[in-house]
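Trainee: What follows is a single structure, and I will ask about it in a moment.
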Amino acid sequence: MYEAFFYREGELFCEEIALSELARRFGTPLYVYSANAIRDRWHALRAAFAPDPPLFCYAVKANHNLAVIRTLALLGAGADVVSGGELARARAAGVPARKIVFAGVGKTDAEIRRALEEDILQFNVESESELERIAAIARALGRRAPIALRVNPDVAAATHDKIATGRRGDKFGVPIEDAPALYEKAARLPGLEPVGVHLHVGSQIFELSTFERAYARAIALARALRGRGIAIRRLDLGGGFGVPYDGEPPFDVAGLAALVRRLVAGLDVELVFEPGRFLVAEAGVLVSAVVELKETRERRFLVLDAGMNALLRPALYGARHALLPVRAPAPHETLLVTDVVGPICESSDRFGRDYALPRLRPGDLVAFRTAGAYGMVMASDYNSRPSPAEVLIDGRKAALVRARREPEEQMAQERIPEWLERSVRATGCGSGA
Ligand SMILES: Cc1ncc(COP(=O)(O)O)c(C=O)c1O
């Protein structure tokens, strides 16, 4: 596997550029993405499925930066989108509409209309009522919407509770046993063309047996539907392939491809997958500067300029990201056991306890690994801190692909109503006097 982040002469690099140089040029917190690491993951997936790779629709939710989507679009990726905004991003980044699938439990009428007008590949439908709405909107536009039902196969993925999506009781999809009747209804509705079966059972899954159970159910359904005269020609088997965050073994892509080959043998069906994390997580780091070292009688805290506002996963899921000092420790340097926290006024703003790090000083830099997925997309303005900026590296080239949002820009989108302005004039408050 291509390793984009490595130490050279004591300094952590991304491809051909030192992270310290990037921090000087662009400031911190800073997301740094390696274009070649993204390409490497893409080629690893395609190679596993050679000679007949499926359509990989990159799950834009993982990292929706236009430059990241464009990097993948240039390789031939489609897009899995879950909102009108993601659809707009995928199109703006150059993904052809006929390579876009649209999932999500809350598609609005306007989003459905937009996707129909764009002529996307497939709607992944999450409920009976959504099916009816898509049919009505398509009919009004004089179109037939290509649809797959997102089926819930009732498979509990061995992953974090908050990112498992395929169990009975999760909000996603329709129970698989209800699917045949819904497909028959869809086949009768003039605005719809049932073309596929879709599922996605969760994220950060390593166990191939989870995929096998879920895929087998989708395939059995496709066969049964064909038996009833419904021409299912596509299986969209979702994403969810795991990535190592803190030393776990890598995901078995070759094993996945082999099991898919075995399951679909003789079926003559187009395959679609929706990998997000797998393609971009390891291609990114979050570079942050030490602001403060705080020692209490109980613990030692390293306070960074990035917090849950910049990288939410630890606070949201209890996720742990490996953390590297940007300057390599000397060979026998003593490492200190430290809690690593952000500046946000929440106790949950903690990246983790007991990181072993060299003695760092304010201004020193650290990098959270595996931050390319579900990182910047979840960043917020909480505590009115400047947002992280994002840069894309390609060999010796570095480009700012998203500027930092300073508090002034955050405020520029806000308005004080006129009636409060009047009160200011009456009271003198806010006049600076
Ligand atoms: C429908 C769907 N497809 C694909 C993905 C991508 O998952 P991952 O990033 O784990 O590959 C998700 C993630 O939530 C999803 O909901």
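Chain identifiers are assigned as A, B, and so on, following the order in which chains appear in the structure tokens; residues are numbered from 1 within each chain, and ligands are numbered from 1 in order of appearance.
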Excluding A:Val272 and any residue of its chain fewer than 6 positions from it, enumerate the residues within 10 Å of it, using only C-alpha atoms, and give them as an MDAnalysis selection string.

Mentor: chainID A and resid 53:57 78 80 99 101 196 198 234:239

Trainee: Given the selection you just returned, output its residues as a file containing C-alpha atoms, formatted as a compact mmCIF listing (two decimals), in the first residue's frame.

Mentor:
# COMPACT_ATOMS: atom_id res chain seq x y z
CA PRO A 53 -14.67 -4.01 -11.94
CA PRO A 54 -18.09 -2.75 -10.85
CA LEU A 55 -19.13 0.90 -10.78
CA PHE A 56 -17.75 2.46 -7.61
CA CYS A 57 -19.93 5.38 -6.57
CA GLY A 78 -19.44 7.74 -9.77
CA ASP A 80 -23.41 8.18 -3.96
CA LYS A 99 -22.99 7.56 -12.49
CA VAL A 101 -27.07 7.12 -7.09
CA GLY A 196 -32.13 -2.61 -8.82
CA HIS A 198 -29.85 -1.63 -2.79
CA ARG A 234 -28.45 -3.95 -10.88
CA LEU A 235 -27.29 -4.69 -7.36
CA ASP A 236 -26.04 -1.71 -5.37
CA LEU A 237 -24.35 -3.26 -2.36
CA GLY A 238 -23.39 -0.07 -0.52
CA GLY A 239 -20.10 0.71 1.18

Trainee: Counting only C-alpha atoms and all ligand atoms, what are the residues, protein, DNA or RNA alike, that approach ligand 1 to within 10 Å? I want them as a ChimeraX atom specification.

Mentor: /A:57-63,79-82,101-105,124,126,150,163-165,172-173,198-205,236-243,273-281,373-374

Trainee: Restricting it to N, CA and C atoms, dump the selection as a short mmCIF file (atom, residue, chain, number, x, y, z; two decimals), in the first residue's frame.

Mentor:
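Saved file part30.cif follows:
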data_model
loop_
_atom_site.label_atom_id
_atom_site.label_comp_id
_atom_site.auth_asym_id
_atom_site.auth_seq_id
_atom_site.Cartn_x
_atom_site.Cartn_y
_atom_site.Cartn_z
N CYS A 57 -19.35 4.05 -6.78
CA CYS A 57 -19.93 5.38 -6.57
C CYS A 57 -19.41 5.90 -5.23
N TYR A 58 -18.47 6.82 -5.30
CA TYR A 58 -17.85 7.36 -4.08
C TYR A 58 -18.92 8.01 -3.19
N ALA A 59 -18.97 7.60 -1.92
CA ALA A 59 -19.95 8.16 -0.98
C ALA A 59 -19.46 9.56 -0.57
N VAL A 60 -20.06 10.54 -1.22
CA VAL A 60 -19.60 11.93 -1.09
C VAL A 60 -19.64 12.42 0.36
N LYS A 61 -20.52 11.82 1.17
CA LYS A 61 -20.64 12.27 2.55
C LYS A 61 -19.33 12.13 3.32
N ALA A 62 -18.45 11.22 2.88
CA ALA A 62 -17.21 10.98 3.62
C ALA A 62 -16.30 12.21 3.57
N ASN A 63 -16.24 12.83 2.41
CA ASN A 63 -15.43 14.05 2.25
C ASN A 63 -15.93 14.72 0.99
N ALA A 79 -20.83 8.69 -8.02
CA ALA A 79 -21.05 9.28 -6.70
C ALA A 79 -22.32 8.73 -6.07
N ASP A 80 -22.23 8.48 -4.77
CA ASP A 80 -23.41 8.18 -3.96
C ASP A 80 -23.71 9.44 -3.18
N VAL A 81 -24.90 10.01 -3.39
CA VAL A 81 -25.23 11.27 -2.72
C VAL A 81 -26.47 11.07 -1.85
N VAL A 82 -26.59 11.92 -0.83
CA VAL A 82 -27.73 11.79 0.08
C VAL A 82 -28.47 13.11 0.27
N VAL A 101 -25.95 7.75 -7.78
CA VAL A 101 -27.07 7.12 -7.09
C VAL A 101 -27.43 8.01 -5.89
N PHE A 102 -28.72 8.03 -5.56
CA PHE A 102 -29.22 9.00 -4.58
C PHE A 102 -29.97 8.25 -3.47
N ALA A 103 -29.39 8.22 -2.27
CA ALA A 103 -30.02 7.56 -1.12
C ALA A 103 -30.42 8.62 -0.09
N GLY A 104 -30.89 8.16 1.07
CA GLY A 104 -31.21 9.10 2.15
C GLY A 104 -32.68 9.05 2.52
N VAL A 105 -32.96 9.03 3.84
CA VAL A 105 -34.34 8.85 4.29
C VAL A 105 -35.20 10.11 4.16
N ASN A 124 -32.20 5.41 -4.68
CA ASN A 124 -32.26 4.33 -3.69
C ASN A 124 -33.33 4.72 -2.67
N GLU A 126 -36.13 4.68 0.28
CA GLU A 126 -36.04 4.25 1.68
C GLU A 126 -37.39 3.91 2.32
N ARG A 150 -34.00 0.40 -1.06
CA ARG A 150 -32.97 0.10 -0.07
C ARG A 150 -33.58 -0.88 0.91
N ILE A 163 -23.06 3.69 13.78
CA ILE A 163 -22.84 3.61 12.33
C ILE A 163 -23.27 2.26 11.76
N ALA A 164 -24.10 1.53 12.52
CA ALA A 164 -24.74 0.33 11.98
C ALA A 164 -26.10 0.76 11.44
N THR A 165 -26.44 0.28 10.23
CA THR A 165 -27.66 0.80 9.58
C THR A 165 -28.59 -0.31 9.09
N PHE A 172 -33.19 3.08 8.42
CA PHE A 172 -32.89 3.01 6.99
C PHE A 172 -33.61 1.88 6.27
N GLY A 173 -34.02 2.13 5.05
CA GLY A 173 -34.53 1.08 4.18
C GLY A 173 -35.89 0.54 4.56
N HIS A 198 -30.91 -2.35 -3.48
CA HIS A 198 -29.85 -1.63 -2.79
C HIS A 198 -29.82 -2.01 -1.32
N LEU A 199 -28.62 -2.07 -0.76
CA LEU A 199 -28.49 -2.12 0.71
C LEU A 199 -27.16 -1.50 1.12
N HIS A 200 -27.11 -1.12 2.36
CA HIS A 200 -25.87 -0.62 2.98
C HIS A 200 -26.05 -0.88 4.46
N VAL A 201 -25.22 -1.76 5.02
CA VAL A 201 -25.53 -2.21 6.39
C VAL A 201 -24.72 -1.51 7.48
N GLY A 202 -23.89 -0.56 7.08
CA GLY A 202 -23.16 0.17 8.12
C GLY A 202 -21.76 0.51 7.63
N SER A 203 -21.01 1.12 8.52
CA SER A 203 -19.71 1.65 8.15
C SER A 203 -18.64 1.06 9.06
N GLN A 204 -17.40 1.09 8.60
CA GLN A 204 -16.25 0.62 9.40
C GLN A 204 -16.45 -0.86 9.79
N ILE A 205 -16.77 -1.67 8.76
CA ILE A 205 -16.99 -3.11 8.95
C ILE A 205 -15.76 -3.85 8.41
N ASP A 236 -26.88 -2.75 -5.98
CA ASP A 236 -26.04 -1.71 -5.37
C ASP A 236 -25.82 -2.15 -3.92
N LEU A 237 -24.60 -2.60 -3.64
CA LEU A 237 -24.35 -3.26 -2.36
C LEU A 237 -23.73 -2.34 -1.32
N GLY A 238 -23.79 -1.02 -1.55
CA GLY A 238 -23.39 -0.07 -0.52
C GLY A 238 -21.89 -0.01 -0.30
N GLY A 239 -21.52 0.57 0.83
CA GLY A 239 -20.10 0.71 1.18
C GLY A 239 -19.84 0.07 2.53
N GLY A 240 -19.04 0.75 3.35
CA GLY A 240 -18.84 0.27 4.71
C GLY A 240 -17.52 -0.43 4.96
N PHE A 241 -16.63 -0.47 3.96
CA PHE A 241 -15.37 -1.20 4.12
C PHE A 241 -14.48 -0.49 5.16
N GLY A 242 -13.97 -1.29 6.10
CA GLY A 242 -13.26 -0.71 7.25
C GLY A 242 -11.87 -0.17 6.90
N VAL A 243 -11.41 0.76 7.70
CA VAL A 243 -10.03 1.25 7.57
C VAL A 243 -9.38 1.23 8.95
N PHE A 273 -20.93 -0.39 -5.97
CA PHE A 273 -20.57 -0.25 -4.55
C PHE A 273 -20.44 1.22 -4.23
N GLU A 274 -20.55 1.53 -2.94
CA GLU A 274 -20.54 2.93 -2.51
C GLU A 274 -19.49 3.17 -1.42
N PRO A 275 -18.23 2.95 -1.73
CA PRO A 275 -17.21 3.16 -0.70
C PRO A 275 -16.98 4.65 -0.44
N GLY A 276 -16.91 5.02 0.82
CA GLY A 276 -16.56 6.39 1.18
C GLY A 276 -15.25 6.39 1.94
N ARG A 277 -15.36 5.98 3.20
CA ARG A 277 -14.21 5.96 4.11
C ARG A 277 -12.99 5.27 3.49
N PHE A 278 -13.23 4.11 2.86
CA PHE A 278 -12.10 3.33 2.34
C PHE A 278 -11.25 4.14 1.38
N LEU A 279 -11.89 5.00 0.59
CA LEU A 279 -11.16 5.73 -0.45
C LEU A 279 -10.41 6.94 0.09
N VAL A 280 -10.89 7.53 1.16
CA VAL A 280 -10.30 8.82 1.54
C VAL A 280 -9.78 8.92 2.98
N ALA A 281 -10.20 8.00 3.86
CA ALA A 281 -9.84 8.19 5.29
C ALA A 281 -8.33 8.24 5.48
N ALA A 373 -11.74 11.04 6.12
CA ALA A 373 -13.18 10.75 5.98
C ALA A 373 -13.92 11.16 7.25
N TYR A 374 -15.10 11.72 7.06
CA TYR A 374 -15.96 12.11 8.19
C TYR A 374 -15.20 13.04 9.15
#

Trainee: Per residue of stretch 249-294 of chain A within 6 Å of stretch 299-317 of chain A, what are the shortest atom pair and its distance in Å to one decimal, counting only C-alpha atoms, with rows by chain and residue number, as JSON lines?

Mentor:
{"residue": "A:Ser288", "atom": "CA", "partner": "A:Ala306", "partner_atom": "CA", "distance": 5.8}
{"residue": "A:Ala289", "atom": "CA", "partner": "A:Asp305", "partner_atom": "CA", "distance": 5.7}
{"residue": "A:Val290", "atom": "CA", "partner": "A:Leu304", "partner_atom": "CA", "distance": 4.5}
{"residue": "A:Val291", "atom": "CA", "partner": "A:Leu304", "partner_atom": "CA", "distance": 5.2}
{"residue": "A:Glu292", "atom": "CA", "partner": "A:Val303", "partner_atom": "CA", "distance": 5.0}
{"residue": "A:Leu293", "atom": "CA", "partner": "A:Leu302", "partner_atom": "CA", "distance": 5.0}
{"residue": "A:Lys294", "atom": "CA", "partner": "A:Phe301", "partner_atom": "CA", "distance": 5.0}

Trainee: Can you write just those residues out, N, CA and C atoms, as a JSON list (two decimals), in the first residue's frame?

Mentor:
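Listed below is the output, selection34.json:
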[["chain", "number", "residue", "atom", "x", "y", "z"],
["A", 288, "SER", "N", -2.53, 20.02, 13.70],
["A", 288, "SER", "CA", -2.98, 20.96, 14.72],
["A", 288, "SER", "C", -1.79, 21.42, 15.54],
["A", 289, "ALA", "N", -1.89, 22.62, 16.10],
["A", 289, "ALA", "CA", -0.79, 23.16, 16.90],
["A", 289, "ALA", "C", -1.13, 23.06, 18.38],
["A", 290, "VAL", "N", -0.11, 22.83, 19.18],
["A", 290, "VAL", "CA", -0.28, 22.82, 20.63],
["A", 290, "VAL", "C", -0.48, 24.26, 21.10],
["A", 291, "VAL", "N", -1.53, 24.47, 21.90],
["A", 291, "VAL", "CA", -1.78, 25.81, 22.45],
["A", 291, "VAL", "C", -1.27, 25.89, 23.88],
["A", 292, "GLU", "N", -1.43, 24.82, 24.60],
["A", 292, "GLU", "CA", -1.21, 24.87, 26.04],
["A", 292, "GLU", "C", -0.85, 23.50, 26.56],
["A", 293, "LEU", "N", -0.03, 23.46, 27.60],
["A", 293, "LEU", "CA", 0.21, 22.21, 28.32],
["A", 293, "LEU", "C", -0.34, 22.45, 29.70],
["A", 294, "LYS", "N", -1.21, 21.59, 30.11],
["A", 294, "LYS", "CA", -1.86, 21.84, 31.40],
["A", 294, "LYS", "C", -1.68, 20.61, 32.27]]

Trainee: Can you pull out every residue within 8 Å of stretch 406-420 of chain A, counting only C-alpha atoms, but drop anything in the same chain fewer than 5 positions away, and send it as a PyMOL selection string?

Mentor: chain A and resi 381+384-387

Trainee: Can you write just those residues out, C-alpha atoms, as a short mmCIF file (atom, residue, chain, number, x, y, z; two decimals), in the first residue's frame?

Mentor:
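Contents of selection-v8.cif, as written:
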data_model
loop_
_atom_site.label_atom_id
_atom_site.label_comp_id
_atom_site.auth_asym_id
_atom_site.auth_seq_id
_atom_site.Cartn_x
_atom_site.Cartn_y
_atom_site.Cartn_z
CA ASP A 381 -18.60 26.88 14.02
CA SER A 384 -16.79 30.63 17.03
CA ARG A 385 -13.39 29.21 16.23
CA PRO A 386 -12.00 29.54 12.72
CA SER A 387 -12.79 26.40 10.73
#

Trainee: Just the residues within 12 Å of A:Lys185, please, counting only C-alpha atoms, with nothing from its chain fewer than 2 positions along; format it as an NGL selection string.

Mentor: :A and (128-129 or 131-132 or 135 or 149 or 178-183 or 187-194 or 230)

Trainee: When DSSP works through the backbone of this structure, what residues of stretch 196-242 of chain A end up as strand (DSSP E or B), shown as a list in words?

Mentor: Gly196, Val197, His198, Gly202, Ile205, Arg234, Leu235, Asp236 and Phe241 of chain A

Trainee: Would you mind listing what lies within 10 Å of A:Asp246 as a ChimeraX atom specification, with only C-alpha atoms counted and same-chain residues fewer than 2 positions away left out?

Mentor: /A:243-244,248-249,319-323,369-370

Trainee: Take the selection from the previous step and output its residues with C-alpha atoms, as a compact mmCIF listing (two decimals), in the first residue's frame.

Mentor:
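out_31.txt was written with the following content:
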# COMPACT_ATOMS: atom_id res chain seq x y z
CA VAL A 243 -10.03 1.25 7.57
CA PRO A 244 -7.39 1.00 10.30
CA GLU A 248 -5.93 -2.56 13.13
CA PRO A 249 -5.09 -4.93 10.21
CA ALA A 319 -13.35 7.01 17.95
CA ARG A 320 -9.59 7.13 18.46
CA HIS A 321 -7.22 8.51 15.85
CA ALA A 322 -3.51 7.73 16.00
CA LEU A 323 -1.59 10.95 16.69
CA ARG A 369 -4.03 10.17 11.17
CA THR A 370 -6.89 8.68 9.16
